[in-house]
Structure formats: structure tokens, C-alpha cells
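K.L.:
Please find start.txt (compact mmCIF, C-alpha atoms and all ligand atoms) on the next line:
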```txt
# COMPACT_ATOMS: atom_id res chain seq x y z
CA MET H 187 -0.33 17.96 208.68
CA GLN H 188 -3.32 18.87 206.59
CA ASN H 189 -4.42 22.45 207.24
CA ASN H 190 -5.05 23.59 203.68
CA ASP H 191 -4.85 27.20 204.84
CA LYS H 192 -4.70 29.33 201.69
CA LYS H 193 -3.92 32.56 203.58
CA ARG H 194 -0.95 30.89 205.28
CA TRP H 195 0.18 29.60 201.89
CA GLN H 196 -0.06 33.06 200.30
CA VAL H 197 2.24 34.42 203.01
CA ALA H 198 4.70 31.61 202.21
CA GLN H 199 4.53 32.39 198.50
CA ILE H 200 5.25 36.10 199.05
CA LYS H 201 8.36 35.06 200.97
CA GLU H 202 9.28 32.56 198.25
CA ASN H 203 8.89 35.11 195.48
CA GLY H 204 11.13 37.55 197.36
CA PHE H 205 13.78 34.85 197.80
CA TRP H 206 14.02 34.14 194.06
CA LYS H 207 14.27 37.86 193.24
CA ARG H 208 17.58 38.16 195.09
CA ASP H 209 20.68 38.60 192.94
CA GLY H 210 22.82 35.48 192.59
CA VAL H 211 20.27 33.14 194.11
CA LEU H 212 19.46 31.29 190.89
CA ASP H 213 23.11 30.31 190.31
CA SER H 214 23.57 29.00 193.85
CA GLN H 215 20.29 27.07 193.75
CA ILE H 216 21.08 25.54 190.35
CA GLN H 217 24.32 24.36 191.93
CA ARG H 218 22.31 22.64 194.73
CA VAL H 219 20.00 20.97 192.23
CA MET H 220 22.91 19.80 190.05
CA THR H 221 25.05 18.35 192.83
CA ARG H 222 22.23 16.58 194.70
CA TYR H 223 19.79 15.37 192.06
CA ALA H 224 21.68 15.07 188.77
CA PRO H 225 23.15 11.59 189.47
CA VAL H 226 19.75 10.02 190.30
CA ILE H 227 18.08 11.75 187.35
CA ALA H 228 20.87 10.67 184.96
CA ASP H 229 20.33 7.08 186.06
CA ILE H 230 16.58 7.24 185.40
CA SER H 231 17.14 9.04 182.07
CA LYS H 232 19.00 5.99 180.74
CA ASN H 233 15.78 3.95 180.66
CA LEU H 234 13.54 6.59 179.11
CA PRO H 235 12.54 6.87 175.45
CA THR H 236 13.49 10.12 173.72
CA ASN H 237 9.83 11.21 173.60
CA ALA H 238 9.10 10.54 177.29
CA THR H 239 6.75 13.09 178.83
CA ILE H 240 8.21 14.71 181.96
CA LEU H 241 6.37 16.98 184.40
CA ASP H 242 8.34 19.10 186.92
CA VAL H 243 5.96 20.23 189.69
CA GLY H 244 6.93 23.28 191.79
CA CYS H 245 9.87 23.64 189.42
CA GLY H 246 10.94 27.12 190.58
CA PRO H 247 13.34 28.83 188.18
CA THR H 248 15.89 26.02 188.68
CA CYS H 249 13.71 23.56 186.73
CA ALA H 250 15.32 20.27 187.80
CA GLY H 251 13.46 18.55 184.94
CA GLN H 252 16.05 19.98 182.60
CA LEU H 253 18.56 17.48 184.06
CA PHE H 254 16.84 14.71 182.06
CA ASP H 255 18.77 14.49 178.82
CA VAL H 256 15.72 13.14 176.97
CA GLY H 257 12.01 13.89 176.93
CA LEU H 258 9.36 16.53 176.40
CA LYS H 259 9.28 18.73 179.47
CA THR H 260 6.42 20.55 181.18
CA TYR H 261 7.24 22.93 184.05
CA LEU H 262 4.50 23.90 186.51
CA ASP H 263 4.71 26.44 189.31
CA PRO H 264 2.24 28.95 190.81
CA LEU H 265 5.01 31.59 190.59
CA MET H 266 5.77 30.80 186.94
CA ASP H 267 4.64 34.24 185.67
CA SER H 268 7.04 35.91 188.07
CA TYR H 269 9.90 33.55 187.08
CA LEU H 270 9.20 34.27 183.40
CA LEU H 271 9.53 38.00 184.08
CA LYS H 272 12.79 37.78 186.03
CA TYR H 273 14.50 34.82 184.34
CA GLN H 274 13.04 34.65 180.83
CA ASP H 275 16.43 33.99 179.20
CA ARG H 276 17.52 31.44 181.86
CA LEU H 277 14.53 29.09 181.88
CA PRO H 278 14.90 25.90 179.82
CA GLU H 279 12.83 24.97 176.78
CA GLY H 280 9.49 23.32 177.46
CA GLU H 281 5.89 24.15 178.25
CA LYS H 282 5.53 26.52 181.23
CA ILE H 283 2.36 26.52 183.27
CA CYS H 284 1.33 28.83 186.11
CA ALA H 285 -0.79 26.59 188.37
CA THR H 286 -0.74 24.71 191.67
CA ALA H 287 -0.01 21.03 192.21
CA GLU H 288 -3.31 20.62 194.05
CA GLN H 289 -5.25 21.31 190.85
CA MET H 290 -3.32 20.47 187.71
CA PRO H 291 -4.73 21.09 184.23
CA PHE H 292 -3.80 17.66 182.81
CA PRO H 293 -5.77 14.50 182.02
CA ASP H 294 -5.29 11.28 184.01
CA ASN H 295 -2.32 8.98 183.14
CA ASN H 296 -0.57 11.64 181.06
CA PHE H 297 3.15 11.67 182.03
CA ASP H 298 5.93 9.07 181.98
CA VAL H 299 7.77 10.90 184.75
CA VAL H 300 6.55 13.30 187.44
CA LEU H 301 9.24 15.09 189.40
CA CYS H 302 8.75 17.28 192.46
CA VAL H 303 11.86 18.69 194.12
CA ASN H 304 11.89 20.73 197.32
CA ALA H 305 8.33 21.94 196.81
CA LEU H 306 5.89 19.67 198.71
CA ASP H 307 6.49 21.36 202.09
CA HIS H 308 5.75 24.74 200.45
CA MET H 309 2.26 23.77 199.25
CA HIS H 310 -1.13 24.43 200.86
CA ASN H 311 -2.31 20.83 200.71
CA PRO H 312 0.59 18.37 200.24
CA LEU H 313 -1.62 15.25 200.39
CA LYS H 314 -3.94 16.57 197.68
CA ALA H 315 -0.86 17.50 195.63
CA LEU H 316 0.51 13.95 195.97
CA SER H 317 -2.79 12.48 194.83
CA GLU H 318 -2.82 14.85 191.82
CA MET H 319 0.74 13.85 190.90
CA HIS H 320 -0.38 10.20 191.16
CA ARG H 321 -3.43 10.91 188.96
CA VAL H 322 -1.48 12.49 186.08
CA LEU H 323 1.27 9.82 186.13
CA LYS H 324 0.97 6.92 183.64
CA LYS H 325 0.47 3.44 185.10
CA GLU H 326 4.09 2.38 184.53
CA GLY H 327 5.40 5.89 185.20
CA VAL H 328 8.10 7.05 187.61
CA PHE H 329 7.48 9.53 190.41
CA ILE H 330 10.55 11.25 191.87
CA LEU H 331 10.17 13.22 195.06
CA GLY H 332 12.99 15.39 196.42
CA ILE H 333 12.22 16.61 199.93
CA PHE H 334 13.85 18.11 203.02
CA THR H 335 13.08 16.08 206.14
CA HIS H 336 13.59 17.01 209.79
CA PRO H 337 14.40 14.89 212.84
CA LYS H 338 11.19 14.01 214.72
CA LEU H 339 11.87 16.41 217.59
CA ILE H 340 12.57 19.34 215.29
CA ALA H 341 9.53 18.60 213.12
CA PHE H 342 7.36 18.50 216.25
CA ALA H 343 8.84 21.79 217.51
CA ARG H 344 8.23 23.39 214.11
CA SER H 345 4.60 22.26 214.07
CA VAL H 346 4.06 23.67 217.59
CA ILE H 347 5.63 26.98 216.54
CA GLU H 348 3.54 27.01 213.34
CA LYS H 349 0.34 26.59 215.35
CA TRP H 350 0.94 28.43 218.60
CA LEU H 351 3.85 30.82 218.08
CA PRO H 352 3.21 32.17 214.57
CA PHE H 353 5.53 35.11 215.13
CA PHE H 354 8.49 32.67 215.09
CA LYS H 355 7.33 30.42 212.26
CA GLU H 356 9.45 29.81 209.20
CA GLU H 357 7.36 31.67 206.69
CA ALA H 358 8.29 29.86 203.47
CA HIS H 359 7.53 26.36 204.82
CA PRO H 360 3.96 25.72 205.98
CA TYR H 361 4.79 22.02 206.53
CA SER H 362 7.60 20.00 208.09
CA PHE H 363 8.07 16.34 207.18
CA THR H 364 10.09 13.59 208.84
CA VAL H 365 11.38 10.61 206.85
CA ASP H 366 8.61 8.53 208.42
CA SER H 367 5.79 10.98 207.77
CA ILE H 368 6.65 11.43 204.10
CA LYS H 369 7.01 7.67 203.61
CA GLU H 370 3.66 7.11 205.28
CA ALA H 371 2.05 9.54 202.80
CA LEU H 372 3.88 8.07 199.79
CA ILE H 373 3.08 4.40 200.39
CA LYS H 374 -0.65 5.08 200.22
CA LEU H 375 -0.22 5.88 196.52
CA PHE H 376 3.17 4.62 195.34
CA LEU H 377 5.65 1.78 195.63
CA ILE H 378 8.91 3.27 196.88
CA GLU H 379 11.71 1.70 194.82
CA GLN H 380 14.66 3.78 196.02
CA GLU H 381 15.19 6.09 198.99
CA ILE H 382 18.40 8.09 198.81
CA LYS H 383 19.76 10.62 201.26
CA VAL H 384 21.32 13.16 198.92
CA PHE H 385 22.48 15.68 201.52
CA ARG H 386 23.02 16.14 205.23
CA LYS H 387 24.98 18.98 206.78
CA ASN H 388 27.71 17.47 208.95
CA THR H 389 29.85 20.49 209.64
CA SER H 390 28.13 21.61 212.85
CA LEU H 391 28.36 20.44 216.47
CA PHE H 392 24.89 18.90 216.27
CA PRO H 393 24.61 17.21 212.86
CA SER H 394 21.72 15.03 214.05
CA LEU H 395 19.53 18.13 214.51
CA HIS H 396 19.86 19.27 210.91
CA ARG H 397 17.43 18.67 208.12
CA GLU H 398 18.34 16.14 205.45
CA ASP H 399 17.60 16.17 201.75
CA TRP H 400 16.06 12.93 200.46
CA MET H 401 15.01 11.58 197.08
CA PHE H 402 12.36 8.91 196.73
CA VAL H 403 12.02 7.12 193.41
CA CYS H 404 8.56 5.53 193.17
CA LYS H 405 6.22 3.63 190.85
CA LYS H 406 2.48 4.16 190.66
CA LYS H 407 0.50 1.58 192.70
C1 LIG X 1 12.01 26.11 197.34
S1 LIG X 1 11.24 26.30 195.79
C2 LIG X 1 11.93 24.93 194.92
C3 LIG X 1 12.02 25.17 193.45
C4 LIG X 1 12.78 24.07 192.70
N1 LIG X 1 12.03 22.86 192.60
C5 LIG X 1 14.14 23.82 193.34
O1 LIG X 1 14.37 22.76 193.93
O2 LIG X 1 14.98 24.74 193.22
C6 LIG X 1 9.56 25.77 196.07
C7 LIG X 1 8.66 25.98 194.88
O3 LIG X 1 7.39 25.38 195.15
C8 LIG X 1 6.42 26.19 194.56
N2 LIG X 1 5.11 25.93 195.16
C9 LIG X 1 4.59 26.45 196.29
N3 LIG X 1 3.33 26.04 196.46
C10 LIG X 1 3.03 25.24 195.41
C11 LIG X 1 1.86 24.55 195.02
N4 LIG X 1 0.75 24.59 195.75
N5 LIG X 1 1.91 23.82 193.87
C12 LIG X 1 3.06 23.77 193.14
N6 LIG X 1 4.19 24.42 193.47
C13 LIG X 1 4.17 25.15 194.59
C14 LIG X 1 6.91 27.60 194.83
O4 LIG X 1 6.28 28.55 194.02
C15 LIG X 1 8.40 27.44 194.56
O5 LIG X 1 8.72 27.72 193.22
```
Could I get this structure in the form of C-alpha cells?
Ligand SMILES: C[S@@+](CC[C@H](N)C(=O)[O-])C[C@H]1O[C@@H](n2cnc3c(N)ncnc32)[C@H](O)[C@@H]1O
P.N.:
Amino acid sequence: MQNNDKKRWQVAQIKENGFWKRDGVLDSQIQRVMTRYAPVIADISKNLPTNATILDVGCGPTCAGQLFDVGLKTYLDPLMDSYLLKYQDRLPEGEKICATAEQMPFPDNNFDVVLCVNALDHMHNPLKALSEMHRVLKKEGVFILGIFTHPKLIAFARSVIEKWLPFFKEEAHPYSFTVDSIKEALIKLFLIEQEIKVFRKNTSLFPSLHREDWMFVCKKK
């Protein structure tokens, strides 16, 4: 899983940047974020003080952190400068930082909540990113991971294509997780308190071959 290939990641980011420049995409993606993650986030919001510090990692222009109705928000994304150019009037209030999750410019134990939605499989070193998110989270803090997972067979096929058939690879996603592989990575650093399947496409002939969208609500170990 760990190739840390910066050139491969830059190709993914070019694709990603192009995706977010398309007309209408922000509205449809905000809709996805609202319908899938808002209920879990609303539940967690209830127990947070009004001055809770919240970090949204790989926030994109959708900025799921804005779904918390309390807190001081920080939004971090390596494409932030591009999002600020295209969506200046649509991004929520809060500090905006152009940086990667693998190397975050924050001290240890700094945030009450760290949120990372649909971004880990886009990064160049997801395990390093997880350990950074763990580092900047306060001891009693909450880590929320939203992630697309694939059935084992599909994840295996994707990793073979990624390595041996690069012409057919899915450019925006350098990594493919299964439910088991992401849990294995998480439990090294966090206690998983909730695991919620927030979406699975069931309108096709082969629903079991589709990716699923999961949320893991964790505490720092
Ligand atoms: C599919 S978008 C998701 C954006 C948003 N969280 C959402 O759910 O709509 C993936 C985001 O991850 C960001 N990303 C890619 N590599 C990253 C890295 N190394 N560190 C932090 N974010 C990264 C991309 O720039 C992009 O904005």
C-alpha cells in the first residue's frame, strides 16, 4: 500500500484539480457530503464546546467541516490555492491552509476534532498522513474518517492495474482500501468507536462489486 510516489501523486492531483474546475461539480459534491456525513457530524457536534478546534484534512472545496454547527475551523488541502481562486465566495469561514496531510504545520495535540473525508486514498503516503492526523489530535479528541472502500477482489485488481497496467489505472486514486485494510491501519493509532456504512450503490446487477462509503469515528489511543 505504501509507495509514497510523489510523481504518481502529482498526476492524481492534476486530475483532481481538473475535476473540481468543472461547472456544477461543487453543488453535486456538496449534496453528497450533506446527505452522507451530516447526520454523523450533527451527532458529534452535540457534545462539542462552542470553541472546539476542528481540522478538515483534504477538505476540497466542499469543506465537510462546515457541517459542525460549533467550533473554530481550519481547512487544509494541497489544492487550496486553486480552490480559493475558483470558489472564493463559496468557501466557508475559517483558516485555509495549502499543505499536505503528510506534513502538517501544526503542533502536537492541537485539535479537538480531526476530520478527513474522501481524501486518504488520494494522498501520496496515507499511513504517514494518518500518523500526522493522530499527532495533531488532542488526547481526548475525535478523529472522523470518511473513506470509499472496495470489495477485496476489486481492490486487488486495482492494485495490479496500478502496478502493471498503468495505462488503465484510475488516475485520481493512487490507493484502494478495503474495509479490513483501512481498519488494520486505523487500529494501530486509534480506538474505533463507530463504523458506519453511509452509502452503497444498490441499483446495479452486481451491487456487491461496488465501492462503499464508510465513516469511522475514532478516539486517540
Ligand atoms: C475527492 S477530493 C475530496 C474533497 C472533500 N473532502 C470531499 O469529500 O468533497 C480529495 C481531496 O484530497 C486532497 N488531497 C490529495 N492529496 C492530499 C494530501 N497528500 N494531503 C491532503 N489532502 C490531499 C485533494 O487535493 C482533494 O481536494
K.L.:
For region 325-338 of chain H, take all atoms listed in the file, fit an axis-aligned box around them, add 4 Å to each of the six sides, then output centre and edge lengths in Å rounded to one decimal, as AutoDock Vina command-line options.
P.N.:
```
--center_x 7.4 --center_y 10.2 --center_z 199.6 --size_x 21.9 --size_y 23.7 --size_z 38.2
```
K.L.:
Within 9 Å of ligand LIG 1 (chain X), counting all atoms listed in the file: which residues, as a PyMOL selection string?
P.N.:
chain H and resi 195-196+198-199+202-203+205-206+212+215-216+218-219+242-251+262-266+269+284-290+301-312+315+332-333+358-359
K.L.:
When you draw a straight line from CA of Ala228 (chain H) to CA of Leu377 (chain H), how long is it in Å?
P.N.:
20.6 Å
K.L.:
Nearest to Lys272 (chain H) among H:Val211, H:Leu258, H:Leu234, H:Val299, with distances taken over all atoms listed in the file: which residue is it?
P.N.:
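That would be H:Val211, the residue with the smallest distance to Lys272 (chain H).
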K.L.:
What does the distance from CA of Ala343 (chain H) to CA of Arg194 (chain H) come to in Å, to one decimal?
P.N.:
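Computing it gives 18.1 Å between the two atoms.
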K.L.:
Calculate how many Å separate CA of Ile330 (chain H) from CA of Glu281 (chain H), rounding to one decimal.
P.N.:
19.3 Å
K.L.:
Restricting the calculation to only C-alpha atoms: of H:His320, H:Glu357, H:Leu270, H:Phe292, which residue gets closest to Ile200 (chain H)?
P.N.:
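Residue with the minimum atom-to-atom distance to Ile200 (chain H): H:Glu357.
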